[in-house]
Every structure is written in C-alpha cells, then in structure tokens.
$ cat start.cif   # mmCIF, N, CA and C atoms and all ligand atoms
data_coords
#
loop_
_atom_site.label_atom_id
_atom_site.label_comp_id
_atom_site.auth_asym_id
_atom_site.auth_seq_id
_atom_site.Cartn_x
_atom_site.Cartn_y
_atom_site.Cartn_z
N MET T 10 99.61 126.25 85.57
CA MET T 10 99.24 124.89 85.96
C MET T 10 99.50 124.73 87.46
N ASP T 11 98.41 124.78 88.24
CA ASP T 11 98.53 124.68 89.69
C ASP T 11 98.12 123.27 90.10
N ILE T 12 99.09 122.37 90.11
CA ILE T 12 98.79 120.97 90.41
C ILE T 12 98.46 120.83 91.89
N LYS T 13 97.36 120.15 92.16
CA LYS T 13 96.96 119.93 93.54
C LYS T 13 97.01 118.44 93.86
N ILE T 14 97.21 118.13 95.11
CA ILE T 14 97.19 116.75 95.55
C ILE T 14 96.21 116.64 96.73
N THR T 15 95.77 115.44 96.99
CA THR T 15 94.86 115.20 98.10
C THR T 15 95.53 114.28 99.10
N CYS T 16 95.57 114.70 100.35
CA CYS T 16 96.10 113.86 101.43
C CYS T 16 95.10 112.74 101.66
N ARG T 17 95.56 111.51 101.67
CA ARG T 17 94.64 110.39 101.82
C ARG T 17 94.26 110.18 103.29
N ASN T 18 94.92 110.89 104.19
CA ASN T 18 94.57 110.77 105.61
C ASN T 18 93.46 111.76 105.98
N CYS T 19 93.66 113.04 105.73
CA CYS T 19 92.65 114.05 106.11
C CYS T 19 91.77 114.44 104.94
N GLU T 20 92.09 113.93 103.74
CA GLU T 20 91.29 114.14 102.54
C GLU T 20 91.19 115.60 102.11
N ARG T 21 92.15 116.41 102.55
CA ARG T 21 92.16 117.80 102.09
C ARG T 21 92.97 117.88 100.81
N THR T 22 92.52 118.71 99.90
CA THR T 22 93.20 118.93 98.64
C THR T 22 93.90 120.29 98.71
N PHE T 23 95.16 120.30 98.32
CA PHE T 23 95.95 121.52 98.43
C PHE T 23 97.00 121.56 97.33
N PRO T 24 97.54 122.74 97.04
CA PRO T 24 98.56 122.85 95.99
C PRO T 24 99.80 122.01 96.33
N LEU T 25 100.30 121.32 95.32
CA LEU T 25 101.50 120.49 95.49
C LEU T 25 102.65 121.30 96.08
N VAL T 26 102.70 122.58 95.74
CA VAL T 26 103.81 123.41 96.21
C VAL T 26 103.85 123.47 97.75
N MET T 27 102.69 123.31 98.39
CA MET T 27 102.66 123.33 99.86
C MET T 27 103.32 122.09 100.45
N ALA T 28 103.34 121.01 99.70
CA ALA T 28 103.90 119.75 100.20
C ALA T 28 105.42 119.73 100.10
N ILE T 29 105.99 120.72 99.39
CA ILE T 29 107.44 120.75 99.26
C ILE T 29 108.03 122.03 99.82
N ASP T 30 107.18 122.80 100.48
CA ASP T 30 107.61 124.07 101.07
C ASP T 30 108.61 123.80 102.20
N PRO T 31 109.84 124.27 102.04
CA PRO T 31 110.85 124.00 103.08
C PRO T 31 110.50 124.62 104.44
N GLU T 32 109.54 125.57 104.44
CA GLU T 32 109.12 126.17 105.72
C GLU T 32 108.25 125.19 106.51
N ASN T 33 107.62 124.26 105.80
CA ASN T 33 106.86 123.21 106.47
C ASN T 33 107.75 121.97 106.56
N ARG T 34 107.16 120.82 106.71
CA ARG T 34 107.95 119.59 106.64
C ARG T 34 107.74 119.00 105.26
N PRO T 35 108.71 119.17 104.37
CA PRO T 35 108.54 118.64 103.01
C PRO T 35 108.20 117.15 103.03
N GLY T 36 107.26 116.78 102.17
CA GLY T 36 106.86 115.38 102.09
C GLY T 36 105.80 114.99 103.09
N HIS T 37 105.30 115.99 103.83
CA HIS T 37 104.25 115.73 104.81
C HIS T 37 103.07 116.64 104.54
N CYS T 38 101.87 116.18 104.91
CA CYS T 38 100.67 117.00 104.72
C CYS T 38 100.78 118.26 105.59
N PRO T 39 100.59 119.44 104.99
CA PRO T 39 100.70 120.67 105.78
C PRO T 39 99.55 120.83 106.78
N PHE T 40 98.51 120.03 106.65
CA PHE T 40 97.35 120.17 107.53
C PHE T 40 97.37 119.17 108.68
N CYS T 41 97.61 117.89 108.37
CA CYS T 41 97.53 116.87 109.43
C CYS T 41 98.89 116.26 109.75
N GLY T 42 99.92 116.57 108.97
CA GLY T 42 101.25 116.05 109.25
C GLY T 42 101.50 114.65 108.72
N GLU T 43 100.50 114.08 108.02
CA GLU T 43 100.65 112.73 107.49
C GLU T 43 101.83 112.66 106.52
N VAL T 44 102.50 111.51 106.50
CA VAL T 44 103.59 111.28 105.56
C VAL T 44 102.99 111.11 104.16
N LEU T 45 103.39 111.95 103.22
CA LEU T 45 102.85 111.86 101.86
C LEU T 45 103.67 110.93 101.00
N ALA T 46 104.98 111.01 101.14
CA ALA T 46 105.88 110.14 100.40
C ALA T 46 106.44 109.15 101.42
N PHE T 47 106.04 107.89 101.27
CA PHE T 47 106.41 106.90 102.28
C PHE T 47 107.91 106.68 102.36
N GLN T 48 108.59 106.94 101.28
CA GLN T 48 110.04 106.85 101.29
C GLN T 48 110.59 107.87 100.30
N TYR T 49 111.87 108.11 100.37
CA TYR T 49 112.54 109.00 99.42
C TYR T 49 111.93 110.40 99.40
N VAL T 50 111.90 111.06 100.54
CA VAL T 50 111.34 112.41 100.60
C VAL T 50 112.10 113.34 99.65
N GLY T 51 113.42 113.18 99.57
CA GLY T 51 114.23 114.02 98.67
C GLY T 51 113.81 113.85 97.22
N THR T 52 113.55 112.62 96.84
CA THR T 52 113.10 112.35 95.47
C THR T 52 111.72 112.95 95.23
N PHE T 53 110.86 112.84 96.23
CA PHE T 53 109.52 113.43 96.12
C PHE T 53 109.62 114.94 95.88
N VAL T 54 110.44 115.60 96.69
CA VAL T 54 110.58 117.06 96.57
C VAL T 54 111.16 117.44 95.21
N GLU T 55 112.23 116.76 94.81
CA GLU T 55 112.87 117.09 93.53
C GLU T 55 111.94 116.84 92.35
N THR T 56 111.23 115.71 92.40
CA THR T 56 110.33 115.38 91.30
C THR T 56 109.17 116.36 91.23
N ALA T 57 108.62 116.71 92.39
CA ALA T 57 107.52 117.67 92.43
C ALA T 57 107.97 119.03 91.90
N GLU T 58 109.18 119.44 92.26
CA GLU T 58 109.71 120.72 91.76
C GLU T 58 109.83 120.70 90.24
N ARG T 59 110.29 119.57 89.70
CA ARG T 59 110.42 119.47 88.23
C ARG T 59 109.05 119.49 87.56
N VAL T 60 108.09 118.74 88.12
CA VAL T 60 106.75 118.71 87.54
C VAL T 60 106.14 120.11 87.51
N LEU T 61 106.29 120.84 88.61
CA LEU T 61 105.72 122.18 88.69
C LEU T 61 106.40 123.12 87.69
N SER T 62 107.72 123.02 87.62
CA SER T 62 108.48 123.89 86.73
C SER T 62 108.21 123.57 85.26
N TYR T 63 108.33 122.30 84.89
CA TYR T 63 108.11 121.91 83.50
C TYR T 63 106.64 122.04 83.12
N GLY T 64 105.75 121.78 84.06
CA GLY T 64 104.31 121.89 83.78
C GLY T 64 103.95 123.32 83.42
N ALA T 65 104.46 124.26 84.19
CA ALA T 65 104.19 125.67 83.92
C ALA T 65 104.77 126.07 82.57
N GLU T 66 105.99 125.62 82.31
CA GLU T 66 106.63 125.97 81.04
C GLU T 66 105.92 125.30 79.86
N PHE T 67 105.51 124.06 80.05
CA PHE T 67 104.79 123.33 79.01
C PHE T 67 103.50 124.07 78.65
N ALA T 68 102.75 124.48 79.68
CA ALA T 68 101.48 125.19 79.43
C ALA T 68 101.74 126.51 78.71
N ARG T 69 102.82 127.20 79.11
CA ARG T 69 103.17 128.47 78.44
C ARG T 69 103.47 128.25 76.96
N GLN T 70 104.32 127.26 76.69
CA GLN T 70 104.72 127.01 75.31
C GLN T 70 103.56 126.51 74.48
N LEU T 71 102.70 125.69 75.08
CA LEU T 71 101.54 125.17 74.36
C LEU T 71 100.58 126.30 74.02
N THR T 72 100.47 127.26 74.92
CA THR T 72 99.64 128.44 74.65
C THR T 72 100.21 129.21 73.46
N LEU T 73 101.53 129.38 73.45
CA LEU T 73 102.16 130.08 72.34
C LEU T 73 101.94 129.34 71.02
N LEU T 74 102.05 128.01 71.07
CA LEU T 74 101.81 127.21 69.87
C LEU T 74 100.35 127.36 69.43
N GLY T 75 99.43 127.33 70.40
CA GLY T 75 98.00 127.48 70.09
C GLY T 75 97.71 128.82 69.43
N GLU T 76 98.46 129.84 69.85
CA GLU T 76 98.25 131.18 69.28
C GLU T 76 98.75 131.28 67.84
N LEU T 77 99.51 130.27 67.41
CA LEU T 77 99.99 130.24 66.02
C LEU T 77 99.05 129.45 65.12
N ALA T 78 98.00 128.84 65.73
CA ALA T 78 97.08 128.01 64.94
C ALA T 78 96.37 128.84 63.89
N GLY T 79 95.85 128.19 62.94
CA GLY T 79 95.19 128.86 61.82
C GLY T 79 95.22 127.90 60.65
N GLY T 80 96.44 127.69 60.18
CA GLY T 80 96.64 126.68 59.14
C GLY T 80 96.72 125.28 59.72
N PHE T 81 96.79 125.21 61.04
CA PHE T 81 96.81 123.90 61.70
C PHE T 81 96.01 124.02 62.98
N SER T 82 95.64 122.88 63.53
CA SER T 82 95.06 122.86 64.87
C SER T 82 95.75 121.74 65.64
N ILE T 83 95.84 121.92 66.94
CA ILE T 83 96.49 120.93 67.79
C ILE T 83 95.49 119.82 68.11
N ASP T 84 95.89 118.59 67.90
CA ASP T 84 95.04 117.44 68.22
C ASP T 84 95.01 117.28 69.74
N LYS T 85 93.86 117.56 70.37
CA LYS T 85 93.79 117.58 71.82
C LYS T 85 94.10 116.23 72.45
N ALA T 86 93.62 115.16 71.82
CA ALA T 86 93.85 113.82 72.39
C ALA T 86 95.34 113.49 72.47
N SER T 87 96.10 114.03 71.53
CA SER T 87 97.54 113.73 71.53
C SER T 87 98.25 114.45 72.68
N VAL T 88 97.61 115.47 73.23
CA VAL T 88 98.17 116.18 74.39
C VAL T 88 97.60 115.61 75.68
N ASP T 89 96.27 115.42 75.72
CA ASP T 89 95.61 114.91 76.93
C ASP T 89 96.03 113.47 77.25
N GLY T 90 96.15 112.66 76.21
CA GLY T 90 96.39 111.22 76.40
C GLY T 90 97.63 110.92 77.23
N PRO T 91 98.79 111.47 76.86
CA PRO T 91 99.99 111.18 77.64
C PRO T 91 99.88 111.65 79.09
N VAL T 92 99.16 112.76 79.32
CA VAL T 92 98.99 113.24 80.69
C VAL T 92 98.11 112.26 81.48
N GLU T 93 97.04 111.79 80.86
CA GLU T 93 96.19 110.81 81.53
C GLU T 93 96.96 109.52 81.79
N ASP T 94 97.76 109.09 80.83
CA ASP T 94 98.57 107.89 81.02
C ASP T 94 99.54 108.07 82.19
N ALA T 95 100.12 109.26 82.28
CA ALA T 95 101.08 109.53 83.36
C ALA T 95 100.37 109.47 84.72
N LEU T 96 99.17 110.03 84.78
CA LEU T 96 98.42 110.02 86.04
C LEU T 96 98.00 108.60 86.42
N ALA T 97 97.80 107.75 85.42
CA ALA T 97 97.35 106.38 85.68
C ALA T 97 98.43 105.58 86.41
N ALA T 98 99.66 106.07 86.38
CA ALA T 98 100.75 105.36 87.07
C ALA T 98 100.47 105.24 88.56
N GLN T 99 99.66 106.14 89.12
CA GLN T 99 99.37 106.10 90.55
C GLN T 99 98.23 105.14 90.90
N ASP T 100 97.47 104.73 89.88
CA ASP T 100 96.23 103.99 90.15
C ASP T 100 96.42 102.77 91.04
N LYS T 101 97.38 101.94 90.68
CA LYS T 101 97.52 100.70 91.46
C LYS T 101 98.07 100.98 92.87
N LEU T 102 98.68 102.14 93.04
CA LEU T 102 99.27 102.49 94.34
C LEU T 102 98.24 103.05 95.31
N ILE T 103 97.08 103.46 94.79
CA ILE T 103 96.07 104.06 95.68
C ILE T 103 94.79 103.25 95.73
N THR T 104 94.84 102.00 95.24
CA THR T 104 93.64 101.16 95.32
C THR T 104 93.49 100.57 96.72
N GLU T 105 94.61 100.33 97.39
CA GLU T 105 94.55 99.77 98.74
C GLU T 105 93.95 100.79 99.70
N PRO T 106 93.18 100.33 100.69
CA PRO T 106 92.70 101.26 101.71
C PRO T 106 93.88 101.96 102.37
N PHE T 107 93.72 103.24 102.65
CA PHE T 107 94.82 104.01 103.20
C PHE T 107 95.06 103.69 104.67
N GLN T 108 96.34 103.54 105.01
CA GLN T 108 96.73 103.35 106.40
C GLN T 108 97.72 104.45 106.76
N SER T 109 97.41 105.18 107.80
CA SER T 109 98.27 106.29 108.19
C SER T 109 99.67 105.80 108.56
N ARG T 110 100.66 106.58 108.18
CA ARG T 110 102.06 106.28 108.55
C ARG T 110 102.55 107.29 109.58
N TRP T 111 101.63 108.15 110.04
CA TRP T 111 102.05 109.17 110.99
C TRP T 111 101.06 109.26 112.13
N PRO T 112 101.50 109.23 113.40
CA PRO T 112 102.91 109.10 113.76
C PRO T 112 103.42 107.68 113.49
N PRO T 113 104.73 107.53 113.32
CA PRO T 113 105.28 106.20 113.03
C PRO T 113 104.99 105.25 114.17
N ARG T 114 104.73 104.00 113.81
CA ARG T 114 104.52 103.02 114.87
C ARG T 114 105.82 102.83 115.63
N PRO T 115 105.73 102.47 116.91
CA PRO T 115 106.93 102.41 117.76
C PRO T 115 108.05 101.54 117.16
N ALA T 116 107.69 100.49 116.44
CA ALA T 116 108.71 99.60 115.89
C ALA T 116 109.46 100.22 114.72
N GLU T 117 108.90 101.27 114.16
CA GLU T 117 109.52 101.85 112.98
C GLU T 117 110.47 102.99 113.36
N PRO T 118 111.61 103.03 112.72
CA PRO T 118 112.55 104.13 113.01
C PRO T 118 111.99 105.45 112.49
N VAL T 119 112.24 106.51 113.21
CA VAL T 119 111.82 107.85 112.76
C VAL T 119 112.93 108.40 111.88
N SER T 120 112.55 108.78 110.66
CA SER T 120 113.58 109.29 109.75
C SER T 120 113.63 110.81 109.80
ZN ZN L 1 96.46 115.49 105.68
#
$ encode --input "start.cif" --output "structure tokens" --more "lines below"
Ligand SMILES: [Zn+2]
Amino acid sequence: MDIKITCRNCERTFPLVMAIDPENRPGHCPFCGEVLAFQYVGTFVETAERVLSYGAEFARQLTLLGELAGGFSIDKASVDGPVEDALAAQDKLITEPFQSRWPPRPAEPVS
C-alpha cells in the first residue's frame, strides 16, 4: 500500500513517505517546500508513519485472509467503506481554496 498525497500548492502527487523523510524537511512538500501540515509537524510525521506501517500490515494480513477463502468470501463493502469514511474526514478541510503558507508571511513566526 503506497499511499500518495497531493501538494495543494504545486499539485504534484508523491508518496507520503517523501513527506516524512528526515533527509528532507518533514511536513513540507519535497518539490516546492510548501507547508503540508499547518501545525503539529511531529503529529503529522508520527501519524503518517503509523498509517504506512499499519496499512502495509493490514494489506498483508487481508491478503492472507483472502487466500483462505473458499467456504467464505470477504464482503468488499465492509472493507472499503471504513476506508472511504476515513478519507472523508479530510473533505471539509480541503473545500476552501488553497492559500500557500510558505514562505511564512512576515507577521507569522517561523517555526
Ligand atoms: Zn508542492
């Protein structure tokens, strides 16, 4: 499961792992430098690491469960639905037109 995100400033889509790479600036777009997580960069990095780790493990285990099918089948909607619901959490946060936070405006402290 290679989760990708799209920078709303430069509109490039790239693997989430690039946004938390300590060799770059974690929490910033690796291409344009835009701030991806407006606050709590540490939380962004930790949460992204967990999503990537659990996502990969979830897909592995689900594959193993699928390989046991025969007398049963996995109801796809029961798996897809919660993932779609989870993704919907971002909807209200990305309806507003995007305004760049980088570079920070002079009145804002640089963190
Ligand atoms: Zn960007």
$ select_by_dssp --input "start.cif" --residues "chain T" --states "alpha helix (DSSP H)" --output "number ranges by chain"
T: 25-28, 50-75, 85-97
$ residues_near_point --input "start.cif" --point "(96.7, 124.6, 71.0)" --cutoff "6.5 Å" --atoms "only N, CA and C atoms" --output "ChimeraX atom specification"
/T:71-72,74-76,82-83
$ write_last_selection --input "start.cif" --atoms "N, CA and C atoms" --output "PDB file, in the coordinates of the input"
ATOM      1  N   LEU T  71     102.700 125.690  75.080  1.00  0.00           N
ATOM      2  CA  LEU T  71     101.540 125.170  74.360  1.00  0.00           C
ATOM      3  C   LEU T  71     100.580 126.300  74.020  1.00  0.00           C
ATOM      4  N   THR T  72     100.470 127.260  74.920  1.00  0.00           N
ATOM      5  CA  THR T  72      99.640 128.440  74.650  1.00  0.00           C
ATOM      6  C   THR T  72     100.210 129.210  73.460  1.00  0.00           C
ATOM      7  N   LEU T  74     102.050 128.010  71.070  1.00  0.00           N
ATOM      8  CA  LEU T  74     101.810 127.210  69.870  1.00  0.00           C
ATOM      9  C   LEU T  74     100.350 127.360  69.430  1.00  0.00           C
ATOM     10  N   GLY T  75      99.430 127.330  70.400  1.00  0.00           N
ATOM     11  CA  GLY T  75      98.000 127.480  70.090  1.00  0.00           C
ATOM     12  C   GLY T  75      97.710 128.820  69.430  1.00  0.00           C
ATOM     13  N   GLU T  76      98.460 129.840  69.850  1.00  0.00           N
ATOM     14  CA  GLU T  76      98.250 131.180  69.280  1.00  0.00           C
ATOM     15  C   GLU T  76      98.750 131.280  67.840  1.00  0.00           C
ATOM     16  N   SER T  82      95.640 122.880  63.530  1.00  0.00           N
ATOM     17  CA  SER T  82      95.060 122.860  64.870  1.00  0.00           C
ATOM     18  C   SER T  82      95.750 121.740  65.640  1.00  0.00           C
ATOM     19  N   ILE T  83      95.840 121.920  66.940  1.00  0.00           N
ATOM     20  CA  ILE T  83      96.490 120.930  67.790  1.00  0.00           C
ATOM     21  C   ILE T  83      95.490 119.820  68.110  1.00  0.00           C
TER      22      ILE T  83
END
$ residues_near_ligand --input "start.cif" --ligand "ligand ZN 1 (chain L)" --cutoff "8 Å" --atoms "only C-alpha atoms and all ligand atoms" --output "number ranges by chain"
T: 15-21, 37-43
$ atom_distance --input "start.cif" --atom1 "atom N of T:Ser109" --atom2 "atom CA of T:Ala46"
12.3 Å
$ atom_distance --input "start.cif" --atom1 "atom N of T:Pro31" --atom2 "atom CA of T:Trp111"
19.2 Å
$ select_by_dssp --input "start.cif" --residues "chain T" --states "strand (DSSP E or B)" --output "count of residues only"
8
$ atom_distance --input "start.cif" --atom1 "atom C of T:Pro112" --atom2 "atom N of T:Leu25"
22.9 Å
$ axis_aligned_box --input "start.cif" --around "stretch 55-65 of chain T" --padding-each-side "3 Å" --output "lines of an AutoDock Vina configuration file"
center_x = 108.4
center_y = 120.7
center_z = 88.7
size_x = 14.9
size_y = 16.7
size_z = 18.2
$ residues_around --input "start.cif" --residues "T:Tyr49" --least-positions-apart "5" --cutoff "12 Å" --atoms "only C-alpha atoms" --output "number ranges by chain"
T: 35-37, 44, 54-56, 120
$ write_last_selection --input "start.cif" --atoms "N, CA and C atoms" --output "compact mmCIF listing (two decimals), in the coordinates of the input"
# COMPACT_ATOMS: atom_id res chain seq x y z
N PRO T 35 108.71 119.17 104.37
CA PRO T 35 108.54 118.64 103.01
C PRO T 35 108.20 117.15 103.03
N GLY T 36 107.26 116.78 102.17
CA GLY T 36 106.86 115.38 102.09
C GLY T 36 105.80 114.99 103.09
N HIS T 37 105.30 115.99 103.83
CA HIS T 37 104.25 115.73 104.81
C HIS T 37 103.07 116.64 104.54
N VAL T 44 102.50 111.51 106.50
CA VAL T 44 103.59 111.28 105.56
C VAL T 44 102.99 111.11 104.16
N VAL T 54 110.44 115.60 96.69
CA VAL T 54 110.58 117.06 96.57
C VAL T 54 111.16 117.44 95.21
N GLU T 55 112.23 116.76 94.81
CA GLU T 55 112.87 117.09 93.53
C GLU T 55 111.94 116.84 92.35
N THR T 56 111.23 115.71 92.40
CA THR T 56 110.33 115.38 91.30
C THR T 56 109.17 116.36 91.23
N SER T 120 112.55 108.78 110.66
CA SER T 120 113.58 109.29 109.75
C SER T 120 113.63 110.81 109.80
